[in-house]
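Student: Quick one: this structure, given as structure tokens, is what I'll be asking you about.
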Amino acid sequence: MTMDLQIILPVLFPLVGVLVNSFFGRRLGERGSGVFASLMVALSFGASVLLLRQLSAQPHTEGAHGLASQLFPWIQVGTLSVPFGFQVDQLSILLMLIITGVGLLIHIYATGYMHNDERFPRFFVFLNLFISSMLVLVMGDSFLMMFVGWELVGLCSYLLIGFWFSEIKNSEAGRKAFVVNRIGDVAFVLGILLIFTTFGSLSYTEVFKAVEERGAEVAAAVGTITLLLFIGATGKSAQLPLMVWLPDAMAGPTPVSALIHAATMVTAGIYMMARSHVMFELAPTTQTVVGVVGGLTALVAGVIALTQWDIKKVLAYSTVSQLGFMVAACGVGAYTAAVFHLLTHAFFKALLFLGSGSVIHGIEHNPKTATHATGGHGGGHHQGIDPQDMRNMGGLKSRMKITFITYLIGGLALAGVPPLAGFWSKDEILVSASQSNSLVFWLLAVTAVLTAFYTMRQIRLVFFGEPRSREAWHTIESGPQMTIPLVILAVFSVVGGVVINWPFEAILPAHALSHWLEPVLGKLEVAHFDFGMAGIFSLLAIVAMAAAYFMYKRSYNETVKQEPLEKLGPLYALSSNKFYLDDIYRVLVVIPFHGFATVFAQVIDKNGIDAVVNGIGGAVRNASLVLREIQTGFVRSYGLVMLLGVAVLVAWFVFTR
Amino acid sequence: MLSLITFLPLIGAVAVVLAPKAWAKTLALVASLAAFVVSLFMLASYNNAEQGFQFVESVKWIAQFDIGYKLGVDGISLWLVMLTTLIFPIALWFSAGSITTREKEYYALMLAMQTATLGVFLSLDMFLFYVFWEFALVPMYLLIGIWGGERRVYASLKFFIFTMAGSVLMLVGILYMGLNAGTFDVEQLAAGRMFVASTPLFLAFAAAFVIKVPLWPFHSWLPDAHVEAPTGGSIILAAVLLKMGTYGLIRFNLTLFPDASREWSWLMITLAVIGILYGAAVAFAQSDAKKLIAYSSVSHMGYIVLGIFTLNEIGVQGAILQMVNHGLSTGGLFLIVGFIYDRLHTREMSRLGGLWGKMPVYGTLALIFTLSSVGLPALNGFVGEFTILQGAFLANPTATAFAALGMVLAAAYLLTFFQKVFLGQYRGDGAAHADAHADAHGDAHGDAQGATALLDLNWREVLATLPLLVLCFVIGLYATPFFTAMSASVQGMLASSGLAMR
């Protein structure tokens, strides 16, 4: 098998799924189309594993480019030459495995979750398209190829957020996501344009080589480029000030939230910065900006997550907050730690989202209270309670045992309790931050404690106590298609951290991830495990969780319904109103733009430009009325006017020569 | 061969007039398809490496002024010719299902217009060019005036006056130049090229072209013309007629007056960027789907003018490719709007909604054309847009930054369009029809068709969109052959006019 074909196989399989389900989805039926789509992702995962094996066989040196293949020249204009090229190296293969591996689990889960949806095959078309697009994003060998994937995953996100489009608020959320992302994309494109203008190429290999060779000479340009790229990252990875789209994106079906808006797409910004670390390292100002923005985002989103009632909104803000951790890690130069956290977060956050989906599904579809025997979710035809509002839950611990246990594991991993996955990666980020930027460190440190608190608040409200609604009372466990992926992800959430980047020289090889990534990220300073810091943060996490557990046990149960955080007054208002970010945008951007557009359309274009034009038109019409009296039609009269005018002008030219 | 391509449609037009009414559709389609087939042969034997004109045909016409009948094609006009020969059969194919009054005249005029537009792209004599240029005006004027909507008289008149105003100035320029130089031959004029009055001449030509494009602030005829024109006419107007303007800017302004082009590029770039943003903002505020797409053309054509006046190879090639792309995606979008107008007799977006659920095939096709227009990678629009922006960035980074904001606005207004028409709740047959009646359009086929249930696209309609759709993907994924065919000519033009100095 040639390299060309082999390298593109992971992208091709899901594309086959797209085509087959587009044309034959209805005929395949629900079972057929779901199985086929999942199978294609499984094959894509298999192809990625084969590439991993091949990559491992290569010499493991810095500056090696891994496996690469340029299929055909995509754009070729003058000096601008962009091949349709792919590259698989130590960084991209990790993401490929996450995309296809976690992607496969979520596909399987979705065959259960989307059961009886009227557009079941279409859902899998979009999901498969997403897998292909995301693979293009991480496998492309140039900035423009990355941008191709970048935009296509944005499209899939748009389509899937608004999947239940008959509810207009869902399509609104999709459109908001796309448009807000495009703001970042403009910066990304300008960055790409400046890269080409500066280096005459867009391919990673050539650009990074040129950056290293020319160093200080191009530092100014690289400073601008990295800032522009980072603005692009704030769009896709939902950082301040562009984070507003991600919470709304929860309007999509829950498997989508897990796959796209937690595990894969939203980490594209981190991938982009890690990929271009050579440039970011040359731009200290950008680095500082990145670190502070990441830290601030982590804190702000963490504060907002404290007071949300929607089970998915809590997870959404938590995702924004955790992405802030990763971005901050990039900002302090700890790219390995950022990638490490990206990987562990993919496990435990996908787990939490799928778990929340299982809860929502259970509340909506339990046999006793389901208002509709068939039909999917979110169709807007619910008469009953809001199935995502945690105030209506409680007591699910005994009703959904598998969901509960796996959710608890995911929550503990998120809170950073040792020895679960999140503990190791978060610790590495905190250690790195403490060594380079104390502001960033303190922002993250506070956030870490908040994380533990809101996680336990959620677990307590959903699973403990007594049910607070009839629906919650009758909820039963979801089927195996949904629980098996939960169990698998839970296993990864437990051992993922230890296996991937165990920090000690004992039992397992130490710092496996850091060493694996050396060919791409270079030999970075390995963050040493700090027992003091790890101990303090573990303790803080456990204390915060205990505090949350007992606070909500006392003040929010079947008899008392009092949000204890309301006592914080203005701070509570700030948090529950999401720092008024959406309102600020509405006042500063949306309303002015609508105003301008309307004024342009209704006043200027109708009365300004058109008035002038119609004035002339009127004058001509009057003239033509005169002419019509000499029995000429419209067209001919203009012809006449024209000829007369021309004659005059020609005469003028001739005589003034 | 070029004469055959150009005049086959006109021969068809004569045949349509002479033959019985029942044959009109078929004859028209056959004639325009014949032209398409011949143009494919031309494409097949076109030599990419050749800088100058190919398949040149030259006959003396008015010897006294050295006016000739001279046709030729090069890399600048090649794809526009192909676009024209492709779009006309599609527009005629669509019209076969929606034009029911005065069919003979309609098809004859469409074919006449095809000859005129092909003549514009192929003429190598300025006098001949002008003849075709004016000749293209009349059929469109009549198409809007006879088969148009409510305000068709106003719209057609406005269209006529606007374009005529620009043409007159150009005619003066042509006559002045031709008489001065003693020849109307474009190649000879380009080779001689020393015009004392280069700025006034540049402006005279630009006047005709920017109105046709239309460049902001000369655009106000376009929305009116589009809204009133029948769908077939709108497709031709957007896909082909507007390109006459941008083609003229390259063929005449850049080639004949390079110094003035450089001197005035700031003005053109400024107007182009204003047009990109202004057109997008106004498109956003529209409630009529067709008007929205018309304003989107103002924005998109702004990109093309921006690309042209980067005066570098990347920008100009991007602009030429984007002319084709705009023809494909906007032509497609007008088809999309046409389909629904034929069914529900409204284009008012507040009365539509939820159509993706009702008509899945239709919705999916509409989505693809919308995304092509948004400039989504893997589709054609992105390649053109990115290339233009790259060219522009080399020439003027500040202007490029503003132009790039158009990307956000395009997403905003096009996705709003898609959402209002295809997403949300379907408003039900009853409501839509009640509104359609209140609309009281002059269309002949109203009630009979309106009473039937809302059906998804039939094979005839899908077939009309298919060539456009396929090309959107082909150009989006493999643009190199399209650039390769034009690069020698564009390089040659830039080098010989001394513009290529980057």
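Residues in the structure tokens are numbered from 1 in each chain, the chains being A, B, ... in the order shown, and ligands are numbered from 1 in the order shown.
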Given a cut-off of 6 Å, which residues of chain A touch chain B, counting only C-alpha atoms, written out as a PyMOL selection string?
Tutor: chain A and resi 74-78+148+165-168+179+182-183+193+597-598+600-601
Student: For region 45-56 of chain B, work out the shell of residues within 10 Å, counting only C-alpha atoms and skipping chain neighbours fewer than 2 positions away, then give it as a ChimeraX atom specification.
Tutor: /B:1-3,39-43,58,70-78,122-124,187,481-493
Student: With only C-alpha atoms as the basis for distance, which of A:Leu137, A:Leu396, A:Ile405, A:Ile459 is at the shortest distance from Leu315 (chain A)?
Tutor: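 Ranking A:Leu137, A:Leu396, A:Ile405, A:Ile459 by distance to Leu315 (chain A), first place goes to A:Ile459.
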Student: Interatomic distance between CA of Leu242 (chain B) and CA of Val213 (chain B)?
Tutor: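 Computed distance, CA of Leu242 (chain B) to CA of Val213 (chain B), equals 4.8 Å.
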Student: Just want the 9 Å neighbourhood of Phe72 (chain A), counted on only C-alpha atoms, with same-chain residues fewer than 4 positions away dropped. Output as a PyMOL selection string.
Tutor: (chain A and resi 83-85) or (chain B and resi 478)
Student: Can you measure CA of Leu414 (chain A) to CA of Val431 (chain A) for me? One decimal in Å is fine.
Tutor: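 Straight-line distance from CA of Leu414 (chain A) to CA of Val431 (chain A) works out to 17.4 Å.
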Student: When you look at Ile488 (chain A) with a cut-off of 9 Å (counting only C-alpha atoms), what residues show up, excluding the ones that are within fewer than 5 positions of it in the same chain? I need them as a PyMOL selection string.
Tutor: chain A and resi 105+351+483+493
Student: For those residues, write N, CA and C atoms to a file as a JSON list (two decimals), in the first residue's frame.
Tutor:
[["chain", "number", "residue", "atom", "x", "y", "z"],
["A", 105, "LEU", "N", -16.49, 5.61, 20.35],
["A", 105, "LEU", "CA", -17.34, 5.37, 21.52],
["A", 105, "LEU", "C", -18.60, 6.25, 21.45],
["A", 351, "LEU", "N", -16.68, 11.67, 29.09],
["A", 351, "LEU", "CA", -17.40, 10.81, 30.03],
["A", 351, "LEU", "C", -18.51, 11.58, 30.73],
["A", 483, "THR", "N", -24.23, 2.71, 28.15],
["A", 483, "THR", "CA", -23.43, 2.52, 29.37],
["A", 483, "THR", "C", -22.05, 1.94, 29.09],
["A", 493, "SER", "N", -10.33, 7.40, 32.30],
["A", 493, "SER", "CA", -10.25, 8.54, 33.20],
["A", 493, "SER", "C", -9.52, 8.18, 34.48]]
Student: Show me, as an MDAnalysis selection string, the residues that have an atom within 12 Å of Gly535 (chain A) when counting only C-alpha atoms, minus same-chain residues fewer than 2 positions from it.
Tutor: chainID A and resid 416:419 423:424 427 529:533 537:542
Student: Skipping near chain neighbours, those fewer than 5 positions away, what residues fall within 9 Å of Thr455 (chain A) using only C-alpha atoms, listed as a ChimeraX atom specification?
Tutor: /A:305-306,314-315,318,411-412,414-415,450,460,545,548
Student: Create the file for the chosen residues now, containing all heavy atoms and written as a PDB file, in the first residue's frame.
Tutor:
ATOM      1  N   ALA A 305     -19.625  28.579  36.267  1.00  0.00           N
ATOM      2  CA  ALA A 305     -20.088  27.197  36.415  1.00  0.00           C
ATOM      3  C   ALA A 305     -20.683  26.946  37.801  1.00  0.00           C
ATOM      4  O   ALA A 305     -21.514  26.055  37.978  1.00  0.00           O
ATOM      5  CB  ALA A 305     -18.938  26.227  36.152  1.00  0.00           C
ATOM      6  N   LEU A 306     -20.271  27.752  38.786  1.00  0.00           N
ATOM      7  CA  LEU A 306     -20.742  27.544  40.159  1.00  0.00           C
ATOM      8  C   LEU A 306     -22.250  27.650  40.300  1.00  0.00           C
ATOM      9  O   LEU A 306     -22.841  26.988  41.153  1.00  0.00           O
ATOM     10  CB  LEU A 306     -20.103  28.598  41.088  1.00  0.00           C
ATOM     11  CG  LEU A 306     -18.614  28.476  41.388  1.00  0.00           C
ATOM     12  CD1 LEU A 306     -18.170  29.679  42.191  1.00  0.00           C
ATOM     13  CD2 LEU A 306     -18.347  27.196  42.155  1.00  0.00           C
ATOM     14  N   VAL A 314     -23.356  23.571  33.153  1.00  0.00           N
ATOM     15  CA  VAL A 314     -22.254  23.444  34.117  1.00  0.00           C
ATOM     16  C   VAL A 314     -21.047  22.834  33.414  1.00  0.00           C
ATOM     17  O   VAL A 314     -19.919  23.331  33.523  1.00  0.00           O
ATOM     18  CB  VAL A 314     -22.676  22.556  35.308  1.00  0.00           C
ATOM     19  CG1 VAL A 314     -21.483  22.335  36.233  1.00  0.00           C
ATOM     20  CG2 VAL A 314     -23.829  23.169  36.059  1.00  0.00           C
ATOM     21  N   LEU A 315     -21.305  21.759  32.671  1.00  0.00           N
ATOM     22  CA  LEU A 315     -20.201  21.093  31.978  1.00  0.00           C
ATOM     23  C   LEU A 315     -19.610  21.989  30.895  1.00  0.00           C
ATOM     24  O   LEU A 315     -18.402  21.971  30.653  1.00  0.00           O
ATOM     25  CB  LEU A 315     -20.690  19.776  31.361  1.00  0.00           C
ATOM     26  CG  LEU A 315     -21.113  18.702  32.364  1.00  0.00           C
ATOM     27  CD1 LEU A 315     -21.626  17.471  31.628  1.00  0.00           C
ATOM     28  CD2 LEU A 315     -19.945  18.324  33.269  1.00  0.00           C
ATOM     29  N   SER A 318     -17.473  24.467  32.519  1.00  0.00           N
ATOM     30  CA  SER A 318     -16.318  23.733  32.999  1.00  0.00           C
ATOM     31  C   SER A 318     -15.343  23.474  31.851  1.00  0.00           C
ATOM     32  O   SER A 318     -14.126  23.592  32.011  1.00  0.00           O
ATOM     33  CB  SER A 318     -16.786  22.416  33.618  1.00  0.00           C
ATOM     34  OG  SER A 318     -15.717  21.529  33.708  1.00  0.00           O
ATOM     35  N   GLY A 411     -16.099  13.032  37.550  1.00  0.00           N
ATOM     36  CA  GLY A 411     -16.086  14.229  38.388  1.00  0.00           C
ATOM     37  C   GLY A 411     -14.824  14.305  39.227  1.00  0.00           C
ATOM     38  O   GLY A 411     -14.198  15.366  39.340  1.00  0.00           O
ATOM     39  N   LEU A 412     -14.425  13.195  39.802  1.00  0.00           N
ATOM     40  CA  LEU A 412     -13.216  13.193  40.625  1.00  0.00           C
ATOM     41  C   LEU A 412     -11.984  13.488  39.775  1.00  0.00           C
ATOM     42  O   LEU A 412     -11.068  14.186  40.200  1.00  0.00           O
ATOM     43  CB  LEU A 412     -13.060  11.839  41.332  1.00  0.00           C
ATOM     44  CG  LEU A 412     -14.125  11.527  42.399  1.00  0.00           C
ATOM     45  CD1 LEU A 412     -13.945  10.118  42.946  1.00  0.00           C
ATOM     46  CD2 LEU A 412     -14.082  12.548  43.527  1.00  0.00           C
ATOM     47  N   LEU A 414     -11.995  15.309  37.069  1.00  0.00           N
ATOM     48  CA  LEU A 414     -12.059  16.731  36.758  1.00  0.00           C
ATOM     49  C   LEU A 414     -11.602  17.558  37.964  1.00  0.00           C
ATOM     50  O   LEU A 414     -10.873  18.542  37.827  1.00  0.00           O
ATOM     51  CB  LEU A 414     -13.503  17.109  36.360  1.00  0.00           C
ATOM     52  CG  LEU A 414     -13.850  18.590  36.280  1.00  0.00           C
ATOM     53  CD1 LEU A 414     -13.027  19.267  35.189  1.00  0.00           C
ATOM     54  CD2 LEU A 414     -15.327  18.786  35.970  1.00  0.00           C
ATOM     55  N   ALA A 415     -12.020  17.143  39.148  1.00  0.00           N
ATOM     56  CA  ALA A 415     -11.671  17.905  40.349  1.00  0.00           C
ATOM     57  C   ALA A 415     -10.185  17.792  40.686  1.00  0.00           C
ATOM     58  O   ALA A 415      -9.677  18.565  41.476  1.00  0.00           O
ATOM     59  CB  ALA A 415     -12.514  17.414  41.515  1.00  0.00           C
ATOM     60  N   LEU A 450     -12.309  26.029  42.762  1.00  0.00           N
ATOM     61  CA  LEU A 450     -13.699  26.199  42.314  1.00  0.00           C
ATOM     62  C   LEU A 450     -14.175  24.971  41.549  1.00  0.00           C
ATOM     63  O   LEU A 450     -15.326  24.541  41.676  1.00  0.00           O
ATOM     64  CB  LEU A 450     -13.816  27.438  41.412  1.00  0.00           C
ATOM     65  CG  LEU A 450     -13.496  28.791  42.040  1.00  0.00           C
ATOM     66  CD1 LEU A 450     -13.685  29.899  41.013  1.00  0.00           C
ATOM     67  CD2 LEU A 450     -14.376  29.038  43.261  1.00  0.00           C
ATOM     68  N   ARG A 460     -23.915  16.119  43.694  1.00  0.00           N
ATOM     69  CA  ARG A 460     -24.858  16.091  44.816  1.00  0.00           C
ATOM     70  C   ARG A 460     -26.296  16.362  44.309  1.00  0.00           C
ATOM     71  O   ARG A 460     -27.232  15.634  44.619  1.00  0.00           O
ATOM     72  CB  ARG A 460     -24.423  17.138  45.836  1.00  0.00           C
ATOM     73  CG  ARG A 460     -25.429  17.516  46.901  1.00  0.00           C
ATOM     74  CD  ARG A 460     -25.540  16.478  47.990  1.00  0.00           C
ATOM     75  NE  ARG A 460     -26.939  16.421  48.448  1.00  0.00           N
ATOM     76  CZ  ARG A 460     -27.410  15.542  49.312  1.00  0.00           C
ATOM     77  NH1 ARG A 460     -26.612  14.633  49.819  1.00  0.00           N
ATOM     78  NH2 ARG A 460     -28.663  15.561  49.671  1.00  0.00           N
ATOM     79  N   MET A 545     -14.780  19.777  47.800  1.00  0.00           N
ATOM     80  CA  MET A 545     -15.845  18.840  47.444  1.00  0.00           C
ATOM     81  C   MET A 545     -16.700  18.519  48.673  1.00  0.00           C
ATOM     82  O   MET A 545     -17.933  18.479  48.597  1.00  0.00           O
ATOM     83  CB  MET A 545     -15.254  17.557  46.864  1.00  0.00           C
ATOM     84  CG  MET A 545     -14.620  17.778  45.500  1.00  0.00           C
ATOM     85  SD  MET A 545     -13.950  16.263  44.797  1.00  0.00           S
ATOM     86  CE  MET A 545     -15.296  15.769  43.768  1.00  0.00           C
ATOM     87  N   ALA A 548     -18.950  21.430  49.339  1.00  0.00           N
ATOM     88  CA  ALA A 548     -20.084  21.476  48.422  1.00  0.00           C
ATOM     89  C   ALA A 548     -21.115  20.414  48.794  1.00  0.00           C
ATOM     90  O   ALA A 548     -22.321  20.678  48.840  1.00  0.00           O
ATOM     91  CB  ALA A 548     -19.595  21.256  46.990  1.00  0.00           C
TER      92      ALA A 548
END
Student: May I have the residues within 7 Å of region 494-503 of chain A as a PyMOL selection string, using only C-alpha atoms and disregarding those fewer than 5 positions away in the same chain?
Tutor: chain A and resi 344+420-422+424-425+508+510-513+529
Student: Export N, CA, C and O atoms of the chosen residues as a short mmCIF file (atom, residue, chain, number, x, y, z; two decimals), in the first residue's frame?
Tutor:
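Output contents, as saved in selection_33.cif:
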data_model
loop_
_atom_site.label_atom_id
_atom_site.label_comp_id
_atom_site.auth_asym_id
_atom_site.auth_seq_id
_atom_site.Cartn_x
_atom_site.Cartn_y
_atom_site.Cartn_z
N THR A 344 -6.23 13.94 28.74
CA THR A 344 -7.00 13.46 29.90
C THR A 344 -8.38 14.11 29.93
O THR A 344 -9.38 13.45 30.22
N LEU A 420 -6.45 9.95 39.80
CA LEU A 420 -7.18 9.94 38.53
C LEU A 420 -6.49 10.84 37.49
O LEU A 420 -5.63 11.65 37.82
N ALA A 421 -6.95 10.68 36.26
CA ALA A 421 -6.23 11.27 35.13
C ALA A 421 -6.02 12.78 35.27
O ALA A 421 -4.92 13.29 35.08
N GLY A 422 -7.10 13.49 35.61
CA GLY A 422 -7.01 14.95 35.63
C GLY A 422 -6.00 15.46 36.64
O GLY A 422 -5.40 16.53 36.46
N TRP A 424 -2.98 14.42 37.40
CA TRP A 424 -1.60 14.50 36.90
C TRP A 424 -1.41 15.66 35.93
O TRP A 424 -0.43 16.38 36.01
N SER A 425 -2.36 15.78 35.02
CA SER A 425 -2.14 16.80 33.99
C SER A 425 -2.33 18.20 34.57
O SER A 425 -1.59 19.12 34.25
N LEU A 508 6.58 2.28 35.69
CA LEU A 508 6.36 2.66 34.29
C LEU A 508 7.49 3.59 33.85
O LEU A 508 8.14 4.22 34.68
N ALA A 510 9.15 6.92 32.89
CA ALA A 510 8.79 8.27 33.31
C ALA A 510 8.60 9.20 32.12
O ALA A 510 9.28 9.09 31.11
N HIS A 511 7.67 10.09 32.28
CA HIS A 511 7.45 11.14 31.28
C HIS A 511 7.33 10.61 29.86
O HIS A 511 7.96 11.12 28.94
N ALA A 512 6.55 9.57 29.69
CA ALA A 512 6.42 8.94 28.37
C ALA A 512 5.94 9.94 27.33
O ALA A 512 6.46 10.01 26.22
N LEU A 513 4.95 10.74 27.69
CA LEU A 513 4.38 11.68 26.73
C LEU A 513 5.41 12.73 26.33
O LEU A 513 5.58 13.04 25.15
N PHE A 529 7.68 16.55 39.39
CA PHE A 529 6.53 16.38 40.24
C PHE A 529 6.82 17.02 41.60
O PHE A 529 7.85 16.75 42.21
#
Student: Ranking B:Ser299, B:Thr115, B:Ser98, B:Thr370 by minimum distance to Ile5 (chain B) and counting only C-alpha atoms, which one comes first?
Tutor: B:Thr115
Student: Give me, please, the distance in Å between CA of Gly331 (chain B) and CA of Ile235 (chain B), quoted to one decimal.
Tutor: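 So the answer is 4.9 Å.
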Student: Select, from B:Leu128, B:Leu29, B:Leu454, B:Met244, the residue with the minimum atom-to-atom distance to Ile67 (chain B), counting only C-alpha atoms.
Tutor: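 Among the listed residues, the smallest separation from Ile67 (chain B) belongs to B:Leu128.
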Student: Step one, run DSSP on the backbone; step two, keep only residues of region 171-409 of chain A assigned to alpha helix (DSSP H); then write them as a ChimeraX atom specification.
Tutor: /A:171-199,204-214,219-236,245-248,254-258,268-275,277-281,284-305,311-331,335-365,401-409
